[in-house]
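Peer 1: Contents of work-v4.tsv (TSV, C-alpha atoms):
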chain	number	residue	atom	x	y	z
A	42	MET	CA	-37.45	19.37	-1.67
A	43	ILE	CA	-34.91	17.68	-3.90
A	44	LYS	CA	-34.49	19.23	-7.33
A	45	LYS	CA	-30.84	18.76	-8.29
A	46	ILE	CA	-29.05	15.41	-7.97
A	47	LEU	CA	-25.32	14.98	-8.56
A	48	ILE	CA	-23.90	11.53	-9.37
A	49	VAL	CA	-20.14	11.10	-8.84
A	50	ASP	CA	-18.82	7.85	-10.32
A	51	ASP	CA	-15.88	7.01	-12.59
A	52	SER	CA	-17.84	4.38	-14.50
A	53	PRO	CA	-20.04	5.77	-17.31
A	54	ILE	CA	-22.16	2.61	-17.25
A	55	SER	CA	-22.63	2.95	-13.51
A	56	VAL	CA	-23.81	6.54	-13.95
A	57	LYS	CA	-26.24	5.33	-16.60
A	58	ILE	CA	-27.53	2.59	-14.29
A	59	ILE	CA	-27.97	5.01	-11.38
A	60	LYS	CA	-29.82	7.50	-13.61
A	61	SER	CA	-32.13	4.72	-14.77
A	62	CYS	CA	-32.94	3.92	-11.12
A	63	ILE	CA	-33.91	7.50	-10.24
A	64	PRO	CA	-37.72	7.94	-10.41
A	65	LYS	CA	-38.72	9.78	-13.56
A	66	ASP	CA	-41.93	11.32	-12.21
A	67	LYS	CA	-40.21	14.04	-10.16
A	68	ASP	CA	-38.30	15.75	-12.99
A	69	TYR	CA	-35.04	15.90	-11.08
A	70	GLU	CA	-32.18	17.77	-12.71
A	71	LEU	CA	-29.34	15.24	-13.00
A	72	PHE	CA	-25.63	16.08	-13.11
A	73	ASP	CA	-22.58	13.82	-13.06
A	74	ALA	CA	-18.84	13.86	-12.48
A	75	VAL	CA	-16.19	11.25	-13.25
A	76	ASP	CA	-14.01	11.30	-10.14
A	77	GLY	CA	-13.90	12.69	-6.63
A	78	GLN	CA	-12.12	15.89	-7.56
A	79	MET	CA	-14.50	16.69	-10.41
A	80	GLY	CA	-17.33	15.77	-8.06
A	81	VAL	CA	-16.23	18.33	-5.48
A	82	GLU	CA	-15.86	20.99	-8.18
A	83	LYS	CA	-19.26	20.16	-9.64
A	84	TYR	CA	-20.78	20.24	-6.16
A	85	LYS	CA	-19.45	23.76	-5.57
A	86	GLU	CA	-20.70	24.87	-8.97
A	87	ILE	CA	-24.26	23.53	-8.87
A	88	ARG	CA	-24.96	23.06	-5.12
A	89	PRO	CA	-27.09	19.91	-5.54
A	90	ASP	CA	-29.76	18.95	-3.03
A	91	LEU	CA	-28.52	15.37	-3.05
A	92	THR	CA	-25.28	13.69	-4.11
A	93	PHE	CA	-24.68	10.02	-4.92
A	94	LEU	CA	-20.98	9.35	-4.38
A	95	ASP	CA	-18.93	6.28	-5.30
A	96	LEU	CA	-15.96	5.39	-3.05
A	97	THR	CA	-13.47	3.63	-5.36
A	98	MET	CA	-12.46	6.25	-7.89
A	99	PRO	CA	-9.25	7.56	-9.46
A	100	VAL	CA	-7.72	10.99	-8.76
A	101	MET	CA	-9.68	11.53	-5.52
A	102	ASN	CA	-11.52	8.69	-3.83
A	103	GLY	CA	-14.99	8.96	-2.37
A	104	PHE	CA	-13.86	9.30	1.25
A	105	GLU	CA	-11.71	12.31	0.37
A	106	ALA	CA	-14.44	13.81	-1.80
A	107	LEU	CA	-16.97	13.37	1.00
A	108	GLU	CA	-14.70	15.24	3.40
A	109	GLU	CA	-14.18	18.05	0.89
A	110	ILE	CA	-17.88	18.39	0.13
A	111	LEU	CA	-18.80	18.50	3.81
A	112	LYS	CA	-16.01	20.98	4.51
A	113	PHE	CA	-17.59	23.23	1.86
A	114	ASP	CA	-21.19	22.58	2.92
A	115	GLN	CA	-21.87	21.01	6.32
A	116	ARG	CA	-25.50	20.44	5.37
A	117	ALA	CA	-24.71	18.48	2.21
A	118	ILE	CA	-26.72	15.29	1.82
A	119	VAL	CA	-24.35	12.69	0.40
A	120	ILE	CA	-25.43	9.12	-0.18
A	121	ILE	CA	-22.53	6.72	-0.68
A	122	LEU	CA	-23.30	4.30	-3.51
A	123	THR	CA	-20.52	1.77	-3.51
A	124	ALA	CA	-19.27	-1.73	-4.16
A	125	ASP	CA	-17.06	-1.44	-1.06
A	126	ILE	CA	-19.41	-2.99	1.45
A	127	GLN	CA	-16.81	-3.77	4.12
A	128	ILE	CA	-18.12	-2.95	7.58
A	129	LYS	CA	-15.16	-0.63	8.18
A	130	ALA	CA	-15.75	1.20	4.88
A	131	VAL	CA	-19.42	1.74	5.71
A	132	ALA	CA	-18.54	2.85	9.25
A	133	LYS	CA	-15.91	5.27	7.93
A	134	ALA	CA	-18.41	6.78	5.48
A	135	HIS	CA	-20.90	7.32	8.32
A	136	ASP	CA	-18.19	8.74	10.60
A	137	LEU	CA	-17.21	11.22	7.91
A	138	GLY	CA	-20.82	12.39	7.66
A	139	ALA	CA	-22.44	10.43	4.84
A	140	PHE	CA	-26.23	10.55	4.99
A	141	SER	CA	-26.58	6.87	4.11
A	142	VAL	CA	-24.85	4.04	2.26
A	143	VAL	CA	-26.38	2.06	-0.60
A	144	LYS	CA	-24.61	-0.96	-2.01
A	145	LYS	CA	-23.97	-1.65	-5.68
A	146	PRO	CA	-25.46	-2.80	-7.92
A	147	PRO	CA	-28.33	-0.46	-7.12
A	148	ALA	CA	-31.95	-1.51	-7.38
A	149	LYS	CA	-34.64	0.96	-8.40
A	150	GLU	CA	-36.32	0.40	-5.03
A	151	SER	CA	-33.19	1.13	-2.99
A	152	ILE	CA	-32.46	4.32	-4.92
A	153	ALA	CA	-36.08	5.50	-4.64
A	154	ALA	CA	-36.07	4.76	-0.89
A	155	ALA	CA	-32.75	6.58	-0.40
A	156	ILE	CA	-34.05	9.64	-2.25
A	157	LYS	CA	-37.26	9.64	-0.20
A	158	GLU	CA	-35.26	9.46	3.06
A	159	ALA	CA	-33.14	12.38	1.92
A	160	ASP	CA	-36.25	14.31	0.89
A	161	ASP	CA	-37.81	13.71	4.32
A	162	ALA	CA	-34.61	14.88	6.02
A	163	LEU	CA	-34.59	18.05	3.94
A	164	ALA	CA	-38.28	18.70	4.77
A	165	GLU	CA	-37.52	18.30	8.50
A	166	ARG	CA	-34.73	20.85	8.24
A	167	GLY	CA	-37.23	23.24	6.69
B	132	MET	CA	-1.04	-6.36	-32.22
B	133	LEU	CA	-4.80	-5.87	-32.05
B	134	LYS	CA	-6.33	-2.92	-33.86
B	135	ASN	CA	-9.09	-0.96	-32.16
B	136	ASP	CA	-11.67	-2.06	-34.75
B	137	ASN	CA	-10.87	-5.69	-34.07
B	138	ILE	CA	-11.05	-5.17	-30.32
B	139	ASN	CA	-14.46	-3.54	-30.63
B	140	GLU	CA	-15.75	-6.48	-32.63
B	141	ILE	CA	-14.85	-8.78	-29.74
B	142	ILE	CA	-15.83	-6.57	-26.83
B	143	THR	CA	-17.19	-3.03	-27.12
B	144	THR	CA	-16.20	-0.10	-24.94
B	145	ALA	CA	-19.60	-0.22	-23.22
B	146	GLU	CA	-19.23	-3.95	-22.52
B	147	THR	CA	-15.73	-3.37	-21.14
B	148	ASP	CA	-17.04	-0.62	-18.90
B	149	LEU	CA	-19.81	-2.85	-17.58
B	150	LEU	CA	-17.41	-5.72	-16.98
B	151	GLN	CA	-15.16	-3.34	-15.05
B	152	GLU	CA	-18.10	-2.30	-12.88
B	153	ILE	CA	-19.08	-5.92	-12.31
B	154	MET	CA	-15.50	-6.75	-11.28
B	155	ASN	CA	-15.60	-3.73	-8.95
B	156	ILE	CA	-18.78	-5.02	-7.31
B	157	ALA	CA	-17.48	-8.60	-7.16
B	158	PHE	CA	-14.13	-7.72	-5.60
B	159	GLY	CA	-15.90	-5.40	-3.15
B	160	ARG	CA	-17.95	-8.39	-2.05
B	161	ALA	CA	-14.83	-10.56	-1.79
B	162	ALA	CA	-13.05	-7.93	0.31
B	163	SER	CA	-16.06	-7.68	2.58
B	164	ASP	CA	-16.11	-11.46	3.08
B	165	LEU	CA	-12.39	-11.50	3.92
B	166	ALA	CA	-12.68	-8.45	6.21
B	167	GLU	CA	-15.41	-10.18	8.21
B	168	TYR	CA	-13.27	-13.29	8.54
B	169	ILE	CA	-10.02	-11.68	9.71
B	170	ASP	CA	-10.98	-8.18	10.83
B	171	ILE	CA	-9.00	-6.13	8.34
B	172	PHE	CA	-9.74	-3.26	6.01
B	173	VAL	CA	-9.01	-3.87	2.34
B	174	ILE	CA	-8.22	-0.77	0.30
B	175	LEU	CA	-9.73	-1.28	-3.14
B	176	SER	CA	-8.70	0.23	-6.46
B	177	VAL	CA	-10.41	0.70	-9.80
B	178	PRO	CA	-10.21	-2.60	-11.73
B	179	GLN	CA	-8.80	-2.77	-15.25
B	180	ILE	CA	-10.11	-4.82	-18.14
B	181	LYS	CA	-7.89	-5.81	-21.04
B	182	LEU	CA	-8.34	-7.87	-24.17
B	183	LEU	CA	-5.20	-9.75	-25.10
B	184	GLN	CA	-4.04	-12.47	-27.40
B	185	ALA	CA	-3.44	-15.52	-25.23
B	186	PHE	CA	0.22	-15.79	-26.15
B	187	ASP	CA	0.73	-12.28	-24.75
B	188	LEU	CA	-0.49	-13.26	-21.27
B	189	PRO	CA	2.93	-14.26	-19.84
B	190	THR	CA	4.44	-10.99	-21.10
B	191	TYR	CA	1.51	-9.05	-19.69
B	192	ILE	CA	1.93	-10.70	-16.27
B	193	LYS	CA	5.68	-10.01	-16.26
B	194	GLN	CA	5.03	-6.38	-17.11
B	195	GLU	CA	2.37	-5.98	-14.45
B	196	LEU	CA	4.61	-7.54	-11.80
B	197	ARG	CA	7.86	-6.03	-13.04
B	198	ASP	CA	8.70	-4.62	-9.60
B	199	HIS	CA	8.72	-8.08	-8.05
B	200	ASP	CA	11.33	-10.79	-8.73
B	201	ARG	CA	9.62	-13.36	-6.58
B	202	VAL	CA	5.97	-13.76	-5.74
B	203	SER	CA	3.53	-16.07	-3.99
B	204	VAL	CA	0.57	-17.15	-6.07
B	205	VAL	CA	-2.78	-18.80	-5.44
B	206	GLU	CA	-4.34	-20.09	-8.63
B	207	GLN	CA	-7.80	-21.51	-9.11
B	208	ASN	CA	-9.59	-22.56	-12.27
B	209	PHE	CA	-13.31	-22.09	-12.59
B	210	TRP	CA	-15.89	-23.60	-14.88
B	211	GLY	CA	-19.36	-22.56	-15.89
B	212	LYS	CA	-20.55	-20.54	-18.81
B	213	PHE	CA	-18.03	-18.10	-17.34
B	214	LYS	CA	-14.83	-20.09	-17.54
B	215	GLY	CA	-11.19	-19.29	-16.91
B	216	ASN	CA	-8.41	-18.97	-14.37
B	217	ALA	CA	-7.99	-16.72	-11.36
B	218	PHE	CA	-4.65	-15.75	-9.84
B	219	LEU	CA	-4.04	-14.01	-6.56
B	220	VAL	CA	-0.49	-12.72	-6.46
B	221	PHE	CA	1.44	-11.38	-3.46
B	222	PRO	CA	4.94	-9.87	-3.66
B	223	SER	CA	7.87	-11.60	-1.99
B	224	GLY	CA	8.02	-11.26	1.78
B	225	THR	CA	4.27	-11.04	2.25
B	226	GLY	CA	3.91	-14.50	3.78
B	227	LYS	CA	4.86	-13.80	7.37
B	228	ARG	CA	2.86	-10.60	7.47
B	229	ILE	CA	-0.15	-12.38	6.07
B	230	ILE	CA	0.10	-15.07	8.76
B	231	SER	CA	-0.06	-12.34	11.37
B	232	LEU	CA	-3.47	-11.33	10.00
B	233	PHE	CA	-4.77	-14.59	11.38
B	234	ASP	CA	-2.95	-14.91	14.70
B	235	GLY	CA	-2.41	-11.26	15.58
B	236	GLU	CA	1.32	-11.75	16.15
B	237	ASN	CA	3.91	-9.63	14.37
B	238	LYS	CA	7.09	-11.31	15.58
B	239	PHE	CA	8.67	-14.19	13.71
B	240	PHE	CA	11.99	-15.94	14.06
B	241	GLU	CA	14.03	-17.12	11.09
B	242	SER	CA	14.18	-20.62	12.57
B	243	GLU	CA	10.42	-21.01	12.65
B	244	PRO	CA	9.02	-23.50	10.14
B	245	THR	CA	6.66	-20.98	8.60
B	246	HIS	CA	6.65	-22.22	5.00
B	247	GLU	CA	3.71	-24.59	5.48
B	248	LEU	CA	1.88	-22.01	7.54
B	249	GLU	CA	2.41	-19.40	4.82
B	250	LYS	CA	1.11	-21.83	2.25
B	251	GLU	CA	-2.00	-22.59	4.31
B	252	THR	CA	-2.62	-18.90	4.91
B	253	PHE	CA	-2.29	-17.96	1.24
B	254	LEU	CA	-4.61	-20.83	0.47
B	255	GLU	CA	-7.21	-19.56	2.91
B	256	VAL	CA	-7.02	-15.94	1.74
B	257	GLY	CA	-7.04	-17.04	-1.90
B	258	ASN	CA	-9.97	-19.33	-1.39
B	259	ILE	CA	-12.06	-16.53	0.12
B	260	LEU	CA	-11.08	-13.76	-2.31
B	261	ILE	CA	-11.18	-15.82	-5.50
B	262	GLY	CA	-14.30	-17.79	-4.52
B	263	ALA	CA	-16.28	-14.73	-3.47
B	264	CYS	CA	-15.17	-12.66	-6.46
B	265	ILE	CA	-15.82	-15.27	-9.14
B	266	GLY	CA	-19.02	-16.32	-7.35
B	267	LYS	CA	-20.34	-12.76	-7.37
B	268	ILE	CA	-19.46	-12.21	-11.04
B	269	ALA	CA	-21.27	-15.44	-11.89
B	270	GLU	CA	-24.26	-14.50	-9.73
B	271	LEU	CA	-24.57	-11.03	-11.30
B	272	LEU	CA	-24.36	-12.54	-14.78
B	273	GLY	CA	-26.74	-15.42	-14.09
B	274	ASP	CA	-24.24	-18.28	-14.02
B	275	VAL	CA	-23.08	-20.91	-11.56
B	276	THR	CA	-19.42	-21.89	-11.42
B	277	THR	CA	-17.44	-24.78	-10.02
B	278	TYR	CA	-13.81	-24.53	-8.98
B	279	SER	CA	-10.65	-26.58	-9.06
B	280	PRO	CA	-8.83	-26.97	-5.75
B	281	PRO	CA	-6.54	-23.97	-5.34
B	282	ARG	CA	-2.86	-24.36	-6.22
B	283	VAL	CA	-0.40	-22.43	-4.08
B	284	VAL	CA	3.16	-21.53	-4.95
B	285	VAL	CA	5.10	-19.68	-2.24
B	286	GLU	CA	8.04	-17.41	-3.04
B	287	ASN	CA	8.68	-18.41	-6.62
B	288	SER	CA	9.95	-16.60	-9.71
B	289	LEU	CA	7.45	-15.10	-12.17
B	290	ARG	CA	8.17	-17.76	-14.77
B	291	GLY	CA	5.43	-20.32	-15.11
B	292	ILE	CA	2.63	-18.31	-13.50
B	293	VAL	CA	0.71	-18.45	-16.75
B	294	TYR	CA	1.49	-21.86	-18.01
B	295	ASP	CA	1.14	-23.41	-21.41
B	296	ASN	CA	-2.48	-24.50	-21.54
B	297	LEU	CA	-3.58	-20.88	-21.04
B	298	SER	CA	-1.42	-19.74	-23.87
B	299	GLU	CA	-3.21	-21.35	-26.80
B	300	PRO	CA	-1.72	-18.97	-29.33
B	301	ASP	CA	-4.76	-18.45	-31.55
B	302	ASN	CA	-7.09	-17.62	-28.69
B	303	MET	CA	-7.99	-14.33	-27.09
B	304	ALA	CA	-8.32	-13.68	-23.39
B	305	ILE	CA	-10.14	-11.01	-21.42
B	306	VAL	CA	-8.14	-10.04	-18.35
B	307	LEU	CA	-9.81	-8.58	-15.27
B	308	ARG	CA	-7.22	-7.11	-12.92
B	309	THR	CA	-7.46	-5.38	-9.59
B	310	VAL	CA	-4.88	-4.26	-7.04
B	311	PHE	CA	-5.60	-4.15	-3.33
B	312	GLU	CA	-3.93	-3.41	0.01
B	313	PHE	CA	-4.54	-4.76	3.48
B	314	ASN	CA	-4.46	-1.48	5.33
B	315	GLU	CA	-3.23	-2.60	8.74
B	316	LYS	CA	-0.33	-4.77	7.53
B	317	ASN	CA	1.06	-2.89	4.56
B	318	ILE	CA	0.36	-5.87	2.32
B	319	SER	CA	-0.51	-5.33	-1.32
B	320	GLY	CA	-1.68	-7.89	-3.82
B	321	TYR	CA	-3.07	-8.42	-7.29
B	322	MET	CA	-5.96	-10.42	-8.61
B	323	PHE	CA	-5.99	-11.47	-12.25
B	324	ILE	CA	-8.91	-13.26	-13.85
B	325	PHE	CA	-8.42	-14.66	-17.34
B	326	THR	CA	-11.50	-15.63	-19.28
B	327	LYS	CA	-11.07	-17.84	-22.26
B	328	GLN	CA	-12.34	-17.10	-25.74
B	329	GLU	CA	-14.96	-19.84	-25.53
B	330	SER	CA	-16.73	-17.73	-22.83
B	331	PHE	CA	-16.86	-14.55	-24.89
B	332	ALA	CA	-20.18	-15.10	-26.67
B	333	TRP	CA	-21.93	-16.00	-23.42
B	334	LEU	CA	-20.24	-13.13	-21.58
B	335	LYS	CA	-21.42	-10.53	-24.09
B	336	SER	CA	-24.95	-11.87	-23.97
B	337	ALA	CA	-24.91	-11.99	-20.14
B	338	LEU	CA	-23.68	-8.39	-19.93
B	339	HIS	CA	-26.56	-7.26	-22.12
B	340	LYS	CA	-29.05	-9.22	-20.01
B	341	PHE	CA	-27.65	-7.59	-16.87
B	342	LEU	CA	-28.34	-4.16	-18.35
B	343	GLU	CA	-31.85	-5.08	-19.41
B	344	GLN	CA	-33.02	-4.98	-15.78
B	345	TYR	CA	-32.32	-1.24	-15.83
B	346	GLU	CA	-34.15	-0.54	-19.07
B	347	SER	CA	-37.80	0.29	-18.82
Can the structure in the file be given as structure tokens, please?
Peer 2:
Amino acid sequence: MIKKILIVDDSPISVKIIKSCIPKDKDYELFDAVDGQMGVEKYKEIRPDLTFLDLTMPVMNGFEALEEILKFDQRAIVIILTADIQIKAVAKAHDLGAFSVVKKPPAKESIAAAIKEADDALAERG
Amino acid sequence: MLKNDNINEIITTAETDLLQEIMNIAFGRAASDLAEYIDIFVILSVPQIKLLQAFDLPTYIKQELRDHDRVSVVEQNFWGKFKGNAFLVFPSGTGKRIISLFDGENKFFESEPTHELEKETFLEVGNILIGACIGKIAELLGDVTTYSPPRVVVENSLRGIVYDNLSEPDNMAIVLRTVFEFNEKNISGYMFIFTKQESFAWLKSALHKFLEQYES
């Protein structure tokens, strides 16, 4: 069951928007980080159940951060939340091991559906 | 020189941040449209937003492109509540490589009459990137825009990129800038969007309306 959610995005307004899309009735613990490198560090520190990860970020981009997170934790559930909706970008994210890809700007419905899918996957793993 | 207090009166930090995110989404859409058309992968970067006095625009452009003596430029004006000028700028020598994006060939001979072909190719790429980017910004902010036909200048000096009617000295301009690379061809480029002062009031209001959908 998902309890901790990490949001990795360099845009403070984007983090705010994503937080506003996350259902309030489940009392998730929300954490955030401002670039890929900070995201990887935060991931190691808090071990979230689910991570929303942007791709276009300074310092370390989302592809690199995804690789680092999965190197640290093969079972990490990382949802790419990005404006980069090129077919090759989406394919690369999947190839690297992203759980799913959601395009920006997010809608409350798409975020809720992505969280539910991740929750179901976690339940299946047991 | 603009003081921080004055800048914040015109556009706040939060509004700048949201505009940056909207540019990020819009250019992502534009890159996706182009990538579907010519099977490339566009490497995106974090956009920058700047508020400038209009007479500083030529200096700003020169500074941004200081590593390039000559450039090729596609320019398009757009009108709506969101109104301004968009420039797609490629460094010198990009033309032949950009043609190869369309025909798959990498070999060119000096004698080939490629100037017109380069012009047409820049026009096509510019039309897709500028149209999709401006269109998406307008869509996200609840506007509809119309466009001038694109103007293409191949391999020219930096002088005259921002010409006089943009530089009304008393006016302010918001600059949206992003840098991109076409991965397979080692081609980099810049997109600049200048919004005129007459759009500012609408823009601020539209940004706030955009955020309202997330408030509940």
Peer 1: I need the residue nearest chain B from this list: A:Ala130, A:Val56, A:Leu94, A:Leu111. Use all atoms listed in the file for the distance.
Peer 2: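 When distances to chain B are compared using all atoms listed in the file, the smallest one comes from A:Ala130.
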Peer 1: From the set A:Lys60, A:Lys112, A:Arg88, A:Lys83, which residue has the shortest atom-to-atom contact distance to chain B, counting only C-alpha atoms?
Peer 2: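 Closest to chain B, using only C-alpha atoms: A:Lys60.
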Peer 1: With all atoms listed in the file considered, list every residue of chain B at most 9 Å from chain A, as a PyMOL selection string.
Peer 2: chain B and resi 145-146+148-149+151-153+155-160+162-167+171-177+271+342+345-347
Peer 1: Need to verify the contact set: Ile43 in chain A, 9 Å, all atoms listed in the file, exclusion of same-chain residues closer than 6 positions in sequence. Can you return it as an MDAnalysis selection string?
Peer 2: chainID A and resid 67 69 89:91 156 159:160 163
Peer 1: Between CA of Thr143 in chain B and CA of Ser336 in chain B, what is the spacing in Å?
Peer 2: 12.2 Å
Peer 1: With distances taken over all atoms listed in the file, which of B:Leu272, B:Ser203, B:Asp170, B:Gly257 is nearest to Gln344 in chain B?
Peer 2: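 Looking only at the distances to Gln344 in chain B, the closest residue turns out to be B:Leu272.
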